[in-house]
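Trainee: Input file: query-v7.cif. Contents: mmCIF, C-alpha atoms.
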data_model
#
loop_
_atom_site.group_PDB
_atom_site.id
_atom_site.type_symbol
_atom_site.label_atom_id
_atom_site.label_comp_id
_atom_site.auth_asym_id
_atom_site.auth_seq_id
_atom_site.Cartn_x
_atom_site.Cartn_y
_atom_site.Cartn_z
ATOM 1 C CA MET A 26 -14.602 0.693 -13.203
ATOM 2 C CA LYS A 27 -14.502 -2.606 -15.074
ATOM 3 C CA SER A 28 -10.723 -2.777 -14.656
ATOM 4 C CA ILE A 29 -11.032 -2.230 -10.893
ATOM 5 C CA LYS A 30 -13.493 -5.134 -10.605
ATOM 6 C CA LEU A 31 -11.194 -7.361 -12.664
ATOM 7 C CA LEU A 32 -8.205 -6.420 -10.508
ATOM 8 C CA LEU A 33 -10.082 -7.168 -7.285
ATOM 9 C CA VAL A 34 -11.227 -10.566 -8.628
ATOM 10 C CA ALA A 35 -7.611 -11.396 -9.562
ATOM 11 C CA VAL A 36 -6.308 -10.401 -6.094
ATOM 12 C CA VAL A 37 -8.984 -12.507 -4.359
ATOM 13 C CA ALA A 38 -8.161 -15.462 -6.627
ATOM 14 C CA ILE A 39 -4.451 -15.210 -5.809
ATOM 15 C CA PHE A 40 -5.057 -15.074 -2.054
ATOM 16 C CA THR A 41 -7.584 -17.927 -2.209
ATOM 17 C CA THR A 42 -5.076 -20.073 -4.084
ATOM 18 C CA ASN A 43 -2.321 -19.276 -1.577
ATOM 19 C CA ALA A 44 -4.590 -19.950 1.390
ATOM 20 C CA SER A 45 -5.400 -23.448 0.125
ATOM 21 C CA ALA A 46 -1.681 -24.213 -0.257
ATOM 22 C CA GLN A 47 -0.804 -22.976 3.216
ATOM 23 C CA ASP A 48 1.146 -26.042 4.365
ATOM 24 C CA THR A 49 3.664 -25.866 1.518
ATOM 25 C CA VAL A 50 3.796 -22.141 0.710
ATOM 26 C CA PHE A 51 3.640 -20.604 4.167
ATOM 27 C CA GLY A 52 5.358 -23.280 6.212
ATOM 28 C CA ASP A 53 4.261 -25.224 9.261
ATOM 29 C CA PRO A 54 1.871 -23.052 11.316
ATOM 30 C CA THR A 55 2.845 -24.855 14.546
ATOM 31 C CA ASN A 56 6.326 -23.287 14.392
ATOM 32 C CA TYR A 57 5.082 -19.699 14.418
ATOM 33 C CA ASP A 58 2.379 -17.840 16.310
ATOM 34 C CA GLN A 59 0.178 -16.718 13.433
ATOM 35 C CA GLY A 60 -1.823 -13.572 14.030
ATOM 36 C CA PHE A 61 -2.798 -10.038 13.169
ATOM 37 C CA ARG A 62 -0.803 -6.818 13.323
ATOM 38 C CA LEU A 63 -2.077 -3.276 12.984
ATOM 39 C CA GLY A 64 0.017 -0.303 11.861
ATOM 40 C CA PHE A 65 -0.542 3.446 11.574
ATOM 41 C CA GLY A 66 1.647 5.304 9.091
ATOM 42 C CA LEU A 67 2.640 8.734 7.808
ATOM 43 C CA ASN A 68 3.519 9.020 4.113
ATOM 44 C CA ALA A 69 5.418 11.623 2.104
ATOM 45 C CA GLY A 70 5.994 11.311 -1.608
ATOM 46 C CA TYR A 71 7.752 12.813 -4.599
ATOM 47 C CA VAL A 72 5.571 13.054 -7.725
ATOM 48 C CA PRO A 73 7.613 13.130 -10.969
ATOM 49 C CA ASP A 74 4.751 14.675 -12.989
ATOM 50 C CA ASP A 75 5.105 18.483 -13.085
ATOM 51 C CA LEU A 76 1.387 18.998 -12.399
ATOM 52 C CA TYR A 77 1.888 17.901 -8.782
ATOM 53 C CA ASP A 78 4.237 19.387 -6.201
ATOM 54 C CA TRP A 79 4.319 16.488 -3.723
ATOM 55 C CA ALA A 80 2.123 13.932 -1.953
ATOM 56 C CA GLY A 81 1.318 13.352 1.703
ATOM 57 C CA GLY A 82 -0.981 11.097 3.624
ATOM 58 C CA ILE A 83 -1.844 8.819 6.498
ATOM 59 C CA ASP A 84 -2.741 5.155 6.469
ATOM 60 C CA VAL A 85 -3.779 2.199 8.559
ATOM 61 C CA ARG A 86 -2.600 -1.301 7.615
ATOM 62 C CA ALA A 87 -3.953 -4.611 8.884
ATOM 63 C CA GLN A 88 -1.571 -7.515 8.417
ATOM 64 C CA TYR A 89 -2.069 -11.236 8.933
ATOM 65 C CA ASP A 90 1.148 -13.206 9.441
ATOM 66 C CA PHE A 91 1.071 -16.710 7.963
ATOM 67 C CA SER A 92 4.656 -17.339 9.061
ATOM 68 C CA LYS A 93 7.705 -15.373 10.157
ATOM 69 C CA ARG A 94 8.364 -14.469 6.522
ATOM 70 C CA THR A 95 4.986 -14.174 4.777
ATOM 71 C CA SER A 96 1.936 -11.996 5.398
ATOM 72 C CA ILE A 97 -1.060 -10.550 3.614
ATOM 73 C CA THR A 98 -2.039 -6.911 4.095
ATOM 74 C CA LEU A 99 -5.015 -4.611 3.729
ATOM 75 C CA THR A 100 -4.219 -0.881 3.658
ATOM 76 C CA THR A 101 -6.432 2.206 3.560
ATOM 77 C CA GLY A 102 -6.161 5.857 4.586
ATOM 78 C CA PHE A 103 -6.079 9.238 2.889
ATOM 79 C CA THR A 104 -3.564 10.598 0.366
ATOM 80 C CA ASN A 105 -3.389 14.177 -0.898
ATOM 81 C CA LEU A 106 -1.631 15.121 -4.136
ATOM 82 C CA PHE A 107 -0.622 18.755 -3.700
ATOM 83 C CA ILE A 108 -0.963 20.672 -6.967
ATOM 84 C CA GLY A 109 -0.095 24.283 -6.195
ATOM 85 C CA ASP A 110 -1.535 27.649 -5.246
ATOM 86 C CA ASP A 111 -3.795 28.126 -8.272
ATOM 87 C CA VAL A 112 -5.528 24.719 -8.317
ATOM 88 C CA LYS A 113 -7.146 22.698 -5.542
ATOM 89 C CA ASP A 114 -5.379 19.502 -4.477
ATOM 90 C CA LEU A 115 -6.470 15.998 -5.431
ATOM 91 C CA GLY A 116 -7.307 13.951 -2.336
ATOM 92 C CA PHE A 117 -8.301 10.304 -2.451
ATOM 93 C CA ILE A 118 -8.857 7.220 -0.330
ATOM 94 C CA PRO A 119 -6.691 4.243 -1.337
ATOM 95 C CA VAL A 120 -7.849 0.693 -0.602
ATOM 96 C CA LYS A 121 -5.164 -1.914 -1.304
ATOM 97 C CA ALA A 122 -4.590 -5.609 -0.643
ATOM 98 C CA GLY A 123 -1.077 -6.974 -0.672
ATOM 99 C CA PHE A 124 1.490 -9.666 -0.031
ATOM 100 C CA LYS A 125 4.505 -9.018 2.215
ATOM 101 C CA PHE A 126 7.554 -11.282 2.270
ATOM 102 C CA PHE A 127 10.646 -11.002 4.469
ATOM 103 C CA TRP A 128 13.903 -12.107 2.882
ATOM 104 C CA TRP A 129 16.750 -11.076 5.198
ATOM 105 C CA GLU A 130 16.966 -11.472 8.991
ATOM 106 C CA ASP A 131 13.163 -11.317 9.260
ATOM 107 C CA GLN A 132 13.382 -7.502 9.120
ATOM 108 C CA PHE A 133 13.928 -6.524 5.459
ATOM 109 C CA TYR A 134 10.918 -7.141 3.256
ATOM 110 C CA GLY A 135 9.277 -6.691 -0.112
ATOM 111 C CA LEU A 136 5.629 -5.725 -0.462
ATOM 112 C CA VAL A 137 3.360 -5.846 -3.489
ATOM 113 C CA GLU A 138 -0.061 -4.176 -3.214
ATOM 114 C CA ALA A 139 -2.907 -3.618 -5.664
ATOM 115 C CA GLY A 140 -6.219 -1.883 -5.223
ATOM 116 C CA ALA A 141 -8.248 1.205 -6.026
ATOM 117 C CA GLY A 142 -8.219 4.927 -5.266
ATOM 118 C CA PHE A 143 -11.418 6.909 -4.764
ATOM 119 C CA PRO A 144 -11.215 10.738 -5.217
ATOM 120 C CA VAL A 145 -12.990 12.578 -2.395
ATOM 121 C CA THR A 146 -12.036 16.256 -2.667
ATOM 122 C CA ASN A 147 -14.775 18.641 -3.842
ATOM 123 C CA ASP A 148 -13.234 19.619 -7.184
ATOM 124 C CA TYR A 149 -12.348 16.057 -8.157
ATOM 125 C CA SER A 150 -15.030 13.710 -6.797
ATOM 126 C CA GLY A 151 -17.090 12.849 -9.844
ATOM 127 C CA ALA A 152 -14.734 14.755 -12.190
ATOM 128 C CA VAL A 153 -11.856 12.267 -11.938
ATOM 129 C CA ASP A 154 -12.464 8.536 -12.302
ATOM 130 C CA ASN A 155 -11.602 6.032 -9.627
ATOM 131 C CA THR A 156 -8.167 4.661 -10.290
ATOM 132 C CA VAL A 157 -6.376 1.330 -10.152
ATOM 133 C CA ILE A 158 -3.363 1.449 -7.820
ATOM 134 C CA LEU A 159 -0.325 -0.790 -8.271
ATOM 135 C CA SER A 160 2.344 -0.477 -5.601
ATOM 136 C CA PRO A 161 5.598 -2.438 -5.201
ATOM 137 C CA GLY A 162 7.935 -1.527 -2.351
ATOM 138 C CA ILE A 163 10.727 -2.518 0.022
ATOM 139 C CA GLY A 164 11.064 -1.909 3.725
ATOM 140 C CA TYR A 165 12.575 -2.541 7.124
ATOM 141 C CA ALA A 166 10.474 -3.549 10.134
ATOM 142 C CA THR A 167 11.125 -4.139 13.819
ATOM 143 C CA LYS A 168 8.665 -5.180 16.504
ATOM 144 C CA TYR A 169 7.044 -1.701 16.486
ATOM 145 C CA ILE A 170 8.575 0.449 13.695
ATOM 146 C CA ASP A 171 8.092 0.022 9.940
ATOM 147 C CA LEU A 172 10.026 2.129 7.413
ATOM 148 C CA SER A 173 9.381 1.547 3.716
ATOM 149 C CA LEU A 174 9.922 3.007 0.261
ATOM 150 C CA ARG A 175 7.441 2.293 -2.534
ATOM 151 C CA TYR A 176 6.310 3.359 -5.956
ATOM 152 C CA GLU A 177 2.568 3.832 -6.487
ATOM 153 C CA HIS A 178 1.038 4.066 -9.939
ATOM 154 C CA TYR A 179 -2.433 5.602 -10.402
ATOM 155 C CA SER A 180 -3.894 4.568 -13.762
ATOM 156 C CA ALA A 181 -6.644 7.219 -14.110
ATOM 157 C CA PHE A 182 -5.336 10.371 -12.415
ATOM 158 C CA PRO A 183 -4.595 13.316 -14.736
ATOM 159 C CA THR A 184 -1.126 14.340 -15.873
ATOM 160 C CA GLU A 185 0.195 17.747 -16.841
ATOM 161 C CA ASP A 186 -0.047 16.982 -20.568
ATOM 162 C CA GLY A 187 -3.755 16.089 -20.244
ATOM 163 C CA GLY A 188 -3.285 12.333 -20.235
ATOM 164 C CA GLU A 189 -3.994 9.790 -17.550
ATOM 165 C CA GLY A 190 -1.662 7.684 -15.426
ATOM 166 C CA MET A 191 0.887 9.050 -12.993
ATOM 167 C CA GLY A 192 2.732 7.882 -9.917
ATOM 168 C CA GLN A 193 4.637 8.801 -6.809
ATOM 169 C CA ILE A 194 7.693 7.573 -4.946
ATOM 170 C CA ALA A 195 6.690 7.499 -1.283
ATOM 171 C CA LEU A 196 8.366 7.030 2.074
ATOM 172 C CA ARG A 197 6.263 5.520 4.883
ATOM 173 C CA LEU A 198 7.049 5.656 8.597
ATOM 174 C CA ALA A 199 4.678 3.596 10.732
ATOM 175 C CA TYR A 200 4.079 2.339 14.234
ATOM 176 C CA GLY A 201 2.695 -1.191 14.444
ATOM 177 C CA PHE A 202 1.801 -3.802 17.035
ATOM 178 C CA ARG A 203 0.337 -7.310 17.384
ATOM 179 C CA LEU A 204 -3.355 -7.643 18.115
#
Could I get this file's structure written as structure tokens?

Mentor:
Amino acid sequence: MKSIKLLLVAVVAIFTTNASAQDTVFGDPTNYDQGFRLGFGLNAGYVPDDLYDWAGGIDVRAQYDFSKRTSITLTTGFTNLFIGDDVKDLGFIPVKAGFKFFWWEDQFYGLVEAGAGFPVTNDYSGAVDNTVILSPGIGYATKYIDLSLRYEHYSAFPTEDGGEGMGQIALRLAYGFRL
């Protein structure tokens, strides 16, 4: 829990620093209509750890555009790690803050998110600790469609060998719009 608090303080500090340097880092706000976007996504993931079969989930992402090429994000939803027939799945709610930057034709982007995951399924809530989530990814976005590929690492979720720390490679398909 201490590491989650430290991570959240670091993320807030980074965004506060960037917000104060808006004129030089994010460009001239008069050249771009800054504003919010909202996106709803479906996620499917491959989990390399043999304990898990696959991952699936839904999410909602709020995004604030500082310029045509830079945005901050806040993402939450529900993710389920499917384990198999004998054991109940591990479901959790991720809460992540991130930075999104477009590098090519204002459509291809990189995204770095960090946050926490809170187990909510009956067998795991209370039995598995909350986890720190680190998630780099790349994607392609149009005015309404967002397709991305990311890796998510969960620091406290169990592995097949009894340890902690596993991840997934996930594909996200989302519909988004300006608010």

Trainee: Run the PyMOL selection byres ((chain A and resi 183) around 10) against the file shown and list the residues it catches, as a list in words.

Mentor: Asp74, Leu76, Tyr77, Leu115, Val153, Asp154, Tyr179, Ser180, Ala181, Phe182, Thr184, Glu185, Asp186, Gly187, Gly188, Glu189, Gly190 and Met191 of chain A

Trainee: May I ask which of the residues A:Gly162, A:Gly192, A:Pro144, A:Gly82 is the closest one to Phe126 in chain A, counting all atoms listed in the file?

Mentor: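 When distances to Phe126 in chain A are compared using all atoms listed in the file, the smallest one comes from A:Gly162.
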
Trainee: Expanded to explicit residues, what is the PyMOL selection byres ((chain A and resi 94-99) around 8) for this file, as an NGL selection string?

Mentor: :A and (51 or 86-93 or 100-101 or 120-128 or 131)

Trainee: Can you tell me which residues surround Phe65 in chain A at a distance of at most 9 Å, considering only C-alpha atoms, apart from same-chain residues fewer than 4 positions away, and format the answer as a PyMOL selection string?

Mentor: chain A and resi 83-86+198-201

Trainee: Generate the output file for the selected residues, C-alpha atoms, as a JSON list (two decimals), in the frame of the given file.

Mentor:
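Written file, again-v1.json:
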[["chain", "number", "residue", "atom", "x", "y", "z"],
["A", 83, "ILE", "CA", -1.84, 8.82, 6.50],
["A", 84, "ASP", "CA", -2.74, 5.16, 6.47],
["A", 85, "VAL", "CA", -3.78, 2.20, 8.56],
["A", 86, "ARG", "CA", -2.60, -1.30, 7.62],
["A", 198, "LEU", "CA", 7.05, 5.66, 8.60],
["A", 199, "ALA", "CA", 4.68, 3.60, 10.73],
["A", 200, "TYR", "CA", 4.08, 2.34, 14.23],
["A", 201, "GLY", "CA", 2.70, -1.19, 14.44]]

Trainee: Between A:Leu106, A:Val112, A:Leu159, A:Leu63, which has the minimum distance to Ala80 in chain A (counting all atoms listed in the file)?

Mentor: A:Leu106

Trainee: Quick one: distance from CA of Asp75 in chain A to CA of Ile108 in chain A in Å, one decimal?

Mentor: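 A separation of 8.9 Å between them.
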
Trainee: Please, what distance in Å, to one decimal, runs between CA of Asn155 in chain A and CA of Glu177 in chain A?

Mentor: 14.7 Å

Trainee: What is the distance, in Å and to one decimal place, between CA of Gly64 in chain A and CA of Asn147 in chain A?

Mentor: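 For CA of Gly64 in chain A relative to CA of Asn147 in chain A, the distance reads 28.7 Å.
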
Trainee: Suppose a student applies the PyMOL selection byres ((chain A and resi 175) around 6) to this structure; what residues should they get, written as a PyMOL selection string?

Mentor: chain A and resi 161-162+174+176+194-195

Trainee: Using only the atoms of range 130-148 of chain A listed in the file, plus 8 Å on each side, state the axis-aligned box centre and edge lengths in Å rounded to one decimal, as lines of an AutoDock Vina configuration file.

Mentor:
center_x = 1.1
center_y = 4.1
center_z = 1.0
size_x = 47.7
size_y = 47.1
size_z = 32.4

Trainee: From the set A:Gln132, A:Thr104, A:Asn68, A:Gln59, which residue has the shortest atom-to-atom contact distance to Tyr165 in chain A, counting all atoms listed in the file?

Mentor: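 Looking only at the distances to Tyr165 in chain A, the closest residue turns out to be A:Gln132.
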
Trainee: For Asp114 in chain A, which residue among A:Val157, A:Leu196, A:Val145, A:Leu204 is the nearest when counting all atoms listed in the file?

Mentor: A:Val145

Trainee: Could you list, as a list of chain:residue names, every residue within 6 Å of Ser173 in chain A, counting only C-alpha atoms and ignoring same-chain residues fewer than 2 positions away?

Mentor: A:Ile163, A:Gly164, A:Leu196, A:Arg197

Trainee: Rank A:Phe103, A:Tyr134, A:Tyr71, A:Phe117 by their smallest atom-to-atom distance to Asp148 in chain A, using all atoms listed in the file, and report the top residue only.

Mentor: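 Nearest to Asp148 in chain A: A:Phe117.
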